[in-house]
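Next up, my_file05.cif (mmCIF, C-alpha atoms and all ligand atoms):
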```cif
data_target
#
loop_
_atom_site.label_atom_id
_atom_site.label_comp_id
_atom_site.auth_asym_id
_atom_site.auth_seq_id
_atom_site.Cartn_x
_atom_site.Cartn_y
_atom_site.Cartn_z
CA MET S 1 26.59 93.77 -148.32
CA LEU S 2 24.56 96.34 -146.45
CA SER S 3 22.80 97.48 -149.58
CA ASN S 4 21.28 93.99 -149.78
CA LEU S 5 19.24 94.74 -146.67
CA LYS S 6 15.52 95.07 -147.02
CA PRO S 7 13.65 97.88 -145.28
CA GLN S 8 12.03 96.64 -142.07
CA ALA S 9 8.47 97.59 -141.27
CA PRO S 10 8.61 100.04 -138.37
CA ASP S 11 7.11 98.93 -135.05
CA LYS S 12 3.58 100.31 -135.07
CA ILE S 13 3.58 101.26 -131.40
CA LEU S 14 6.98 102.97 -131.45
CA MET S 15 6.13 104.74 -134.70
CA LEU S 16 3.35 106.58 -132.90
CA ILE S 17 5.93 108.29 -130.67
CA GLU S 18 7.53 109.97 -133.68
CA GLU S 19 4.20 110.78 -135.31
CA PHE S 20 2.97 112.39 -132.12
CA LYS S 21 6.15 114.46 -131.71
CA ALA S 22 5.82 115.77 -135.27
CA ASP S 23 2.18 116.86 -134.77
CA THR S 24 2.15 120.63 -134.17
CA ARG S 25 -1.50 120.90 -133.11
CA GLN S 26 -2.27 122.42 -129.71
CA GLY S 27 -3.93 120.07 -127.21
CA LYS S 28 -2.79 116.85 -128.91
CA ILE S 29 -3.22 113.78 -126.71
CA ASP S 30 -0.82 110.81 -126.69
CA LEU S 31 -2.50 107.53 -125.74
CA GLY S 32 0.01 105.39 -127.64
CA VAL S 33 3.06 103.70 -126.17
CA GLY S 34 2.71 102.02 -122.76
CA VAL S 35 4.57 104.48 -120.59
CA TYR S 36 3.06 105.92 -117.42
CA LYS S 37 2.59 109.67 -117.42
CA ASP S 38 1.46 111.75 -114.47
CA PRO S 39 -1.34 114.32 -114.88
CA ASN S 40 1.24 116.80 -116.24
CA GLY S 41 2.33 114.40 -118.94
CA VAL S 42 5.65 113.62 -117.25
CA THR S 43 7.06 110.11 -116.77
CA PRO S 44 8.62 110.67 -113.36
CA VAL S 45 11.64 108.99 -111.79
CA MET S 46 10.11 107.43 -108.68
CA ARG S 47 11.31 108.76 -105.32
CA ALA S 48 12.68 105.42 -104.16
CA VAL S 49 14.54 105.00 -107.46
CA LYS S 50 16.29 108.36 -107.01
CA GLU S 51 17.25 107.45 -103.46
CA ALA S 52 18.48 103.98 -104.49
CA GLU S 53 20.60 105.52 -107.25
CA LYS S 54 22.12 107.92 -104.74
CA ARG S 55 23.01 105.06 -102.42
CA ILE S 56 24.48 103.04 -105.26
CA TRP S 57 26.56 105.99 -106.38
CA GLU S 58 27.84 106.51 -102.84
CA THR S 59 28.70 102.91 -102.10
CA GLN S 60 29.53 101.20 -105.36
CA THR S 61 33.25 100.55 -105.64
CA THR S 62 33.47 98.59 -108.87
CA LYS S 63 31.83 98.18 -112.23
CA ALA S 64 33.44 94.79 -112.85
CA TYR S 65 31.29 92.07 -114.42
CA THR S 66 28.54 90.41 -112.42
CA GLY S 67 27.55 86.82 -113.26
CA LEU S 68 25.96 85.70 -116.52
CA ALA S 69 22.72 85.24 -114.60
CA GLY S 70 22.99 88.68 -112.97
CA GLU S 71 23.18 89.31 -109.21
CA ALA S 72 21.58 86.73 -106.92
CA ASP S 73 20.28 89.47 -104.58
CA TYR S 74 18.27 90.96 -107.41
CA ARG S 75 16.94 87.68 -108.71
CA ASN S 76 15.95 86.45 -105.27
CA ALA S 77 14.22 89.69 -104.32
CA LEU S 78 12.30 89.90 -107.58
CA ALA S 79 11.36 86.20 -107.59
CA ALA S 80 9.96 86.72 -104.08
CA MET S 81 7.99 89.78 -105.22
CA VAL S 82 6.47 87.75 -108.04
CA LEU S 83 5.98 84.39 -106.36
CA LYS S 84 5.90 85.23 -102.63
CA ASP S 85 6.67 81.62 -101.63
CA VAL S 86 9.66 80.78 -103.77
CA PRO S 87 10.13 77.05 -104.40
CA ALA S 88 13.93 77.26 -104.19
CA ASP S 89 14.58 73.69 -105.29
CA ARG S 90 12.64 74.24 -108.52
CA LEU S 91 13.67 77.80 -109.36
CA ALA S 92 16.12 78.87 -112.05
CA SER S 93 16.41 82.56 -112.91
CA VAL S 94 18.45 85.03 -114.92
CA ALA S 95 18.38 88.79 -115.10
CA SER S 96 17.25 89.87 -118.54
CA VAL S 97 17.35 92.87 -120.82
CA GLY S 98 13.94 94.18 -119.78
CA GLY S 99 10.74 92.17 -120.04
CA THR S 100 11.19 91.87 -123.80
CA GLY S 101 14.59 90.24 -123.28
CA ALA S 102 13.03 87.77 -120.85
CA ILE S 103 10.37 86.85 -123.41
CA ARG S 104 13.01 86.36 -126.08
CA GLN S 105 15.17 84.18 -123.83
CA ALA S 106 12.14 82.18 -122.70
CA LEU S 107 11.30 81.40 -126.32
CA GLU S 108 14.93 80.49 -127.04
CA LEU S 109 14.92 78.20 -123.99
CA ALA S 110 11.69 76.54 -125.09
CA ARG S 111 13.15 75.89 -128.53
CA LEU S 112 16.39 74.50 -127.04
CA ALA S 113 14.34 72.11 -124.93
CA ASN S 114 11.86 71.22 -127.68
CA PRO S 115 12.89 72.02 -131.28
CA ASP S 116 9.31 71.23 -132.38
CA VAL S 117 7.70 73.70 -130.02
CA THR S 118 4.62 75.64 -131.11
CA VAL S 119 3.69 78.76 -129.17
CA HIS S 120 0.04 79.52 -128.47
CA VAL S 121 -0.69 83.23 -128.08
CA SER S 122 -3.81 85.23 -127.33
CA ASP S 123 -5.63 86.95 -130.15
CA PRO S 124 -4.78 89.75 -129.79
CA THR S 125 -1.49 89.96 -127.94
CA TRP S 126 1.33 92.49 -127.60
CA PRO S 127 2.41 92.86 -131.26
CA ASN S 128 6.06 92.39 -130.38
CA HIS S 129 5.33 88.84 -129.18
CA LEU S 130 4.36 87.98 -132.74
CA SER S 131 7.19 89.99 -134.24
CA ILE S 132 9.83 88.20 -132.14
CA MET S 133 8.43 84.79 -133.02
CA LYS S 134 8.31 85.62 -136.70
CA PHE S 135 11.91 86.79 -136.52
CA MET S 136 12.95 83.59 -134.77
CA GLY S 137 11.01 81.43 -137.23
CA LEU S 138 9.11 79.96 -134.30
CA PRO S 139 5.72 78.49 -135.22
CA TYR S 140 2.78 80.00 -133.36
CA VAL S 141 -0.99 79.79 -133.37
CA GLU S 142 -3.46 82.20 -131.84
CA TYR S 143 -6.10 81.29 -129.28
CA ARG S 144 -9.35 83.22 -129.02
CA TYR S 145 -9.23 85.79 -126.23
CA PHE S 146 -11.09 89.04 -126.77
CA ASP S 147 -14.83 89.24 -127.31
CA ASN S 148 -15.35 92.38 -129.35
CA GLU S 149 -19.03 92.53 -128.34
CA THR S 150 -18.57 92.51 -124.58
CA ARG S 151 -14.99 93.82 -124.63
CA GLY S 152 -14.34 91.05 -122.12
CA VAL S 153 -12.66 87.66 -122.43
CA ASP S 154 -14.12 85.03 -124.76
CA PHE S 155 -13.44 82.41 -122.14
CA GLU S 156 -15.18 79.47 -123.81
CA GLY S 157 -13.25 80.15 -127.03
CA MET S 158 -10.01 80.54 -125.11
CA LYS S 159 -10.44 77.24 -123.27
CA ALA S 160 -11.32 75.34 -126.43
CA ASP S 161 -8.25 76.71 -128.25
CA ILE S 162 -5.79 76.29 -125.39
CA ALA S 163 -6.85 72.66 -125.06
CA LYS S 164 -5.31 72.13 -128.50
CA ALA S 165 -1.79 72.90 -127.22
CA GLY S 166 0.20 69.69 -127.01
CA LYS S 167 2.76 68.41 -124.52
CA GLY S 168 5.89 70.55 -124.66
CA ASP S 169 4.15 73.42 -126.44
CA ILE S 170 4.21 76.88 -124.91
CA VAL S 171 1.05 78.76 -123.98
CA LEU S 172 1.86 82.45 -123.62
CA LEU S 173 -0.41 84.08 -121.03
CA HIS S 174 -0.54 87.63 -119.68
CA GLY S 175 -0.26 87.37 -115.90
CA CYS S 176 -2.33 90.53 -115.36
CA CYS S 177 -3.31 93.73 -117.17
CA HIS S 178 -3.66 92.10 -120.58
CA ASN S 179 -1.87 94.08 -123.29
CA PRO S 180 -3.53 95.31 -125.53
CA THR S 181 -7.09 94.68 -124.35
CA GLY S 182 -7.21 95.36 -120.58
CA ALA S 183 -9.60 92.37 -120.27
CA ASN S 184 -8.47 89.77 -117.74
CA LEU S 185 -9.39 86.36 -116.38
CA THR S 186 -10.84 85.87 -112.92
CA LEU S 187 -8.96 83.58 -110.54
CA ASP S 188 -11.62 80.91 -111.02
CA GLN S 189 -11.02 81.08 -114.75
CA TRP S 190 -7.27 80.76 -114.18
CA LEU S 191 -8.01 77.57 -112.22
CA GLU S 192 -9.73 76.17 -115.30
CA ILE S 193 -6.78 77.13 -117.51
CA VAL S 194 -4.44 75.39 -115.06
CA ALA S 195 -6.56 72.22 -115.27
CA ILE S 196 -6.33 72.26 -119.08
CA LEU S 197 -2.56 72.69 -119.01
CA GLU S 198 -2.20 70.01 -116.36
CA LYS S 199 -3.98 67.60 -118.63
CA SER S 200 -2.06 68.42 -121.81
CA GLY S 201 1.46 69.00 -120.48
CA ALA S 202 1.73 72.29 -122.37
CA VAL S 203 3.99 74.75 -120.52
CA PRO S 204 2.73 78.23 -119.58
CA LEU S 205 4.94 81.22 -120.28
CA ILE S 206 3.56 84.07 -118.23
CA ASP S 207 4.33 87.60 -119.35
CA LEU S 208 4.15 89.75 -116.22
CA ALA S 209 4.94 93.27 -117.38
CA TYR S 210 2.45 95.26 -115.29
CA GLN S 211 2.50 93.85 -111.75
CA GLY S 212 1.12 96.59 -109.51
CA PHE S 213 -0.76 98.41 -112.27
CA GLY S 214 -4.05 96.49 -112.05
CA ASP S 215 -5.45 95.50 -108.65
CA GLY S 216 -2.28 95.83 -106.57
CA LEU S 217 1.18 94.27 -106.27
CA ASP S 218 -0.02 91.04 -104.66
CA ALA S 219 -3.38 90.80 -106.40
CA ASP S 220 -1.72 91.15 -109.80
CA ALA S 221 0.61 88.23 -109.04
CA GLU S 222 -2.12 85.91 -107.72
CA ALA S 223 -2.68 84.18 -111.04
CA THR S 224 1.05 83.66 -111.60
CA ARG S 225 1.41 82.25 -108.08
CA LEU S 226 -1.49 79.90 -108.65
CA VAL S 227 0.01 78.59 -111.89
CA ALA S 228 3.47 78.32 -110.29
CA LYS S 229 2.28 76.15 -107.44
CA SER S 230 -0.04 74.00 -109.56
CA LEU S 231 2.05 72.97 -112.56
CA PRO S 232 5.39 71.14 -112.76
CA GLU S 233 6.94 73.50 -115.32
CA VAL S 234 6.32 77.22 -115.64
CA LEU S 235 8.22 80.05 -117.33
CA ILE S 236 7.75 83.63 -116.15
CA ALA S 237 9.03 86.77 -117.88
CA ALA S 238 8.70 89.73 -115.51
CA SER S 239 9.52 93.35 -116.18
CA CYS S 240 10.51 96.18 -113.84
CA SER S 241 10.08 98.82 -116.54
CA LYS S 242 6.61 99.94 -115.53
CA ASN S 243 6.28 99.22 -111.81
CA PHE S 244 9.66 100.79 -111.01
CA GLY S 245 9.38 103.32 -113.84
CA ILE S 246 12.86 102.38 -115.10
CA TYR S 247 11.95 101.82 -118.72
CA ARG S 248 15.31 102.68 -120.25
CA GLU S 249 17.38 100.68 -117.73
CA ARG S 250 16.14 97.42 -119.32
CA THR S 251 15.47 95.47 -116.15
CA GLY S 252 13.65 92.17 -116.14
CA ILE S 253 13.92 88.55 -115.12
CA LEU S 254 13.30 85.17 -116.65
CA ILE S 255 12.18 82.59 -114.11
CA ALA S 256 11.91 78.91 -114.92
CA LEU S 257 10.24 76.56 -112.47
CA ALA S 258 11.37 73.02 -113.14
CA GLU S 259 9.96 69.67 -112.13
CA ASN S 260 12.91 68.73 -109.94
CA PRO S 261 16.34 70.03 -108.87
CA ALA S 262 18.19 68.22 -111.69
CA ALA S 263 15.98 69.86 -114.34
CA ARG S 264 16.33 73.16 -112.48
CA ASP S 265 20.12 72.93 -112.80
CA LEU S 266 19.82 72.20 -116.51
CA ALA S 267 17.52 75.19 -116.96
CA GLN S 268 19.82 77.48 -114.96
CA GLY S 269 22.84 76.47 -117.06
CA SER S 270 20.95 76.86 -120.33
CA MET S 271 19.61 80.28 -119.37
CA ALA S 272 23.08 81.55 -118.46
CA TYR S 273 24.35 80.09 -121.75
CA LEU S 274 21.62 81.91 -123.68
CA ASN S 275 22.58 85.20 -122.01
CA ARG S 276 26.21 84.60 -123.01
CA GLN S 277 25.26 83.96 -126.62
CA SER S 278 23.03 87.03 -126.80
CA PHE S 279 24.77 89.79 -124.87
CA SER S 280 26.97 88.15 -122.19
CA PHE S 281 26.17 89.87 -118.92
CA PRO S 282 22.75 91.37 -118.32
CA PRO S 283 22.49 95.09 -117.48
CA ASP S 284 23.14 95.74 -113.80
CA HIS S 285 22.17 99.30 -112.92
CA GLY S 286 18.41 98.83 -113.01
CA ALA S 287 18.72 95.47 -111.26
CA ARG S 288 20.73 97.09 -108.49
CA ILE S 289 18.12 99.83 -108.10
CA VAL S 290 15.44 97.16 -107.70
CA SER S 291 17.40 95.06 -105.19
CA THR S 292 18.30 98.18 -103.20
CA ILE S 293 14.62 99.16 -102.98
CA LEU S 294 13.27 95.69 -102.25
CA GLY S 295 16.00 95.05 -99.68
CA ASP S 296 15.26 98.11 -97.53
CA ASP S 297 11.95 98.26 -95.64
CA ALA S 298 11.56 102.04 -95.73
CA LEU S 299 12.51 102.41 -99.38
CA ARG S 300 10.29 99.52 -100.33
CA ALA S 301 7.32 101.01 -98.47
CA ASP S 302 7.82 104.37 -100.15
CA TRP S 303 8.10 102.75 -103.58
CA ALA S 304 4.98 100.64 -102.99
CA ALA S 305 3.06 103.75 -101.86
CA GLU S 306 4.05 105.69 -104.98
CA LEU S 307 3.12 102.71 -107.15
CA GLU S 308 -0.29 102.62 -105.45
CA ASP S 309 -0.73 106.31 -106.29
CA VAL S 310 0.04 105.54 -109.92
CA ARG S 311 -2.43 102.65 -109.95
CA ASN S 312 -5.16 104.66 -108.26
CA THR S 313 -4.63 107.56 -110.65
CA MET S 314 -5.26 105.20 -113.57
CA LEU S 315 -8.33 103.70 -111.88
CA GLY S 316 -9.69 107.21 -111.31
CA LEU S 317 -9.22 108.04 -114.99
CA ARG S 318 -11.01 104.83 -115.97
CA ALA S 319 -13.96 105.70 -113.74
CA GLN S 320 -14.10 109.27 -115.06
CA LEU S 321 -13.95 108.18 -118.72
CA ALA S 322 -16.64 105.52 -118.26
CA SER S 323 -18.86 108.02 -116.50
CA GLU S 324 -18.36 110.75 -119.14
CA LEU S 325 -19.29 108.24 -121.82
CA ARG S 326 -22.29 107.06 -119.82
CA ASN S 327 -23.55 110.65 -119.70
CA LEU S 328 -22.88 111.30 -123.39
CA THR S 329 -24.44 108.07 -124.67
CA GLY S 330 -27.11 107.58 -122.02
CA SER S 331 -26.02 103.93 -121.97
CA ASP S 332 -23.61 101.61 -120.20
CA ARG S 333 -21.89 100.41 -123.33
CA PHE S 334 -18.53 101.91 -122.33
CA ASP S 335 -18.61 100.60 -118.77
CA PHE S 336 -16.08 97.98 -119.79
CA ILE S 337 -13.43 100.70 -119.45
CA ASN S 338 -14.07 100.58 -115.72
CA ARG S 339 -13.85 96.80 -115.64
CA HIS S 340 -10.58 96.64 -117.58
CA ARG S 341 -7.35 96.73 -115.63
CA GLY S 342 -3.82 97.98 -116.23
CA MET S 343 -2.56 100.62 -118.54
CA PHE S 344 -4.64 99.72 -121.55
CA SER S 345 -8.17 99.32 -122.81
CA ARG S 346 -9.15 98.22 -126.24
CA LEU S 347 -12.08 100.36 -127.35
CA GLY S 348 -13.19 98.00 -130.10
CA ALA S 349 -13.14 100.78 -132.70
CA THR S 350 -12.33 100.31 -136.40
CA PRO S 351 -9.00 101.47 -137.86
CA ALA S 352 -10.93 104.20 -139.71
CA GLN S 353 -12.39 105.47 -136.43
CA VAL S 354 -8.93 105.46 -134.82
CA GLN S 355 -7.67 107.44 -137.81
CA LYS S 356 -10.53 109.90 -137.40
CA LEU S 357 -9.59 110.47 -133.76
CA LYS S 358 -6.10 111.34 -134.95
CA ASP S 359 -7.16 113.49 -137.91
CA ASP S 360 -10.00 115.41 -136.27
CA SER S 361 -8.96 115.54 -132.62
CA ALA S 362 -5.16 114.95 -132.54
CA ILE S 363 -5.74 111.93 -130.30
CA TYR S 364 -3.19 109.18 -130.84
CA MET S 365 -3.82 105.55 -129.98
CA VAL S 366 -2.63 102.24 -131.44
CA GLY S 367 -4.42 101.25 -134.67
CA ASP S 368 -6.25 98.35 -133.00
CA SER S 369 -7.93 101.00 -130.76
CA ARG S 370 -5.75 100.30 -127.72
CA LEU S 371 -5.55 103.39 -125.57
CA ASN S 372 -3.08 104.09 -122.79
CA ILE S 373 -5.21 105.27 -119.87
CA ALA S 374 -2.16 106.90 -118.27
CA GLY S 375 -1.89 109.29 -121.22
CA LEU S 376 -5.04 111.04 -119.93
CA ASN S 377 -5.68 113.52 -117.14
CA ALA S 378 -8.85 114.94 -115.60
CA ASP S 379 -8.96 117.69 -118.26
CA THR S 380 -8.40 115.50 -121.31
CA VAL S 381 -10.87 112.74 -120.34
CA PRO S 382 -13.92 114.82 -121.43
CA VAL S 383 -12.11 115.76 -124.66
CA LEU S 384 -11.53 112.08 -125.44
CA ALA S 385 -15.07 111.12 -124.51
CA ARG S 386 -16.50 113.74 -126.87
CA ALA S 387 -14.10 112.69 -129.66
CA ILE S 388 -15.07 109.01 -129.24
CA ILE S 389 -18.71 109.93 -129.82
CA ASP S 390 -17.85 112.24 -132.74
CA ALA S 391 -15.83 109.45 -134.37
CA GLY S 392 -18.94 107.26 -134.25
CA ILE S 393 -17.39 104.62 -131.97
C1 LIG S 401 3.64 98.90 -125.11
O1 LIG S 401 3.01 97.87 -125.35
O2 LIG S 401 3.30 100.02 -125.50
C2 LIG S 401 4.88 98.80 -124.26
O3 LIG S 401 5.10 97.51 -123.85
C3 LIG S 401 6.06 99.41 -124.91
C4 LIG S 401 6.58 98.61 -126.05
O4 LIG S 401 7.78 98.30 -126.00
O5 LIG S 401 5.82 98.31 -126.98
#
```

Would you mind writing the file's structure down as structure tokens?
Ligand code: LMR
Amino acid sequence: MLSNLKPQAPDKILMLIEEFKADTRQGKIDLGVGVYKDPNGVTPVMRAVKEAEKRIWETQTTKAYTGLAGEADYRNALAAMVLKDVPADRLASVASVGGTGAIRQALELARLANPDVTVHVSDPTWPNHLSIMKFMGLPYVEYRYFDNETRGVDFEGMKADIAKAGKGDIVLLHGCCHNPTGANLTLDQWLEIVAILEKSGAVPLIDLAYQGFGDGLDADAEATRLVAKSLPEVLIAASCSKNFGIYRERTGILIALAENPAARDLAQGSMAYLNRQSFSFPPDHGARIVSTILGDDALRADWAAELEDVRNTMLGLRAQLASELRNLTGSDRFDFINRHRGMFSRLGATPAQVQKLKDDSAIYMVGDSRLNIAGLNADTVPVLARAIIDAGI
């Protein structure tokens, strides 16, 4: 049986991790996978996470099962962090296996509710969105998003394409810090997207994987909050991997806002059912870390302060890189790096130029020229800037 299996194409982002490890050149620079690294190249365990783990270790008396939806304390605290004003009579939620697990369950839920669903995704989007949908056999179409000239959003194209989504279709949107481009909508533009969805009855699925990495914890959730209060049905897949730095704990949440309490109950039951069919109970350790932090004023403040440091470090690197490139080119054509937000920027380079960066300068980024800003530090920014020019970008 097993010999009938076909080789699977490796994930292009994860493949870079191995390729980078195997590179023996001194001074190699990893701008690949979306993991935060401090200026020393370390992905730290945040202070509040360490303290929360200590408290959990000291006080936890059982490892018995939680509920299929995960712990209510966790879900309530995280829903409040995302939405601020939680519409309790409309809210269904389940803990998920990271943000990816929330996306997968959201798509499963959409298909349960509407077997004819088509998913509309940005061009480009996180490659795993497409990979999951292909695996599920879920039809999808891409809407225009990135303008390769301005490295900003092609908003007119986006609006025209999103307007084609029909009632009961899903429109997958990045709540902030668009992955892979770093180019984001303004709040006014979000208002226009809401108006289009209101008219068509298409349901937004918001992928919120980087809350706190762009303009701040609240600012990054503004768009999601706007959508949540404006439309009758909204799905939100949020991740704690990046903002709590607990990547390997697989901690996320799927939130469904329903039109009324009866539909909410149906969604809650279906989401718990989907968990049961996929893995039974969601992982608890990361969820407990998050609820411990969010439920304690001092811990929460310390966590938020450390997250702000992370965010400001990335903003500083953006400013430094844009300014180096301004000096080297004598032009403002790389200023978009300073306008982008989150962990990533898409440079708009060709695959051959990305390859050249790797071959000549041992600089690794995703083939579509997405670079992870957090892979840089003050010393490597000038090295990258020089290499970008040498590669003819
Ligand atoms: C990324 O886009 O690099 C991250 O979301 C990590 C991943 O799982 O791909």

Task: Given all atoms listed in the file as the counted atoms, nearest of S:Thr43, S:Asp89, S:Val366, S:Leu205 to Pro127 (chain S) - done: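 Residue with the minimum atom-to-atom distance to Pro127 (chain S): S:Val366.
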
Open item on the list: Show me which residues are within 7 Å of ligand LIG 401 (chain S) counting only C-alpha atoms and all ligand atoms, and format the list as a list of chain:residue names.
Closed with: S:Ile13, S:Leu14, S:Gly32, S:Val33, S:Gly34, S:Val35, S:Trp126, S:Asn128, S:Asn179

Box in all listed atoms of region 283-288 of chain S, axis-aligned, with 5 Å more on each side; write out centre and edge lengths in Å to one decimal as lines of an AutoDock Vina configuration file.
```
center_x = 20.8
center_y = 97.2
center_z = -113.0
size_x = 14.7
size_y = 14.2
size_z = 19.0
```

Task: Residues near region 379-390 of chain S, cut-off 7 Å, all atoms listed in the file, skip fewer than 6 positions along chain, as a ChimeraX atom specification - done: /S:321,324-325,357,361

TODO: Go through S:Arg75, S:Lys54, S:Arg25, S:Lys12 and flag the residue nearest Gly295 (chain S), using all atoms listed in the file for the distances.
DONE: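 Between S:Arg75, S:Lys54, S:Arg25, S:Lys12, the residue approaching Gly295 (chain S) most closely is S:Arg75.
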
Open item on the list: Please determine, counting all atoms listed in the file, which residue among S:Val86, S:Asp30, S:Arg104, S:Arg264 has the shortest atom-to-atom distance to Ser278 (chain S).
Closed with: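 Result for the nearest residue to Ser278 (chain S): S:Arg104.
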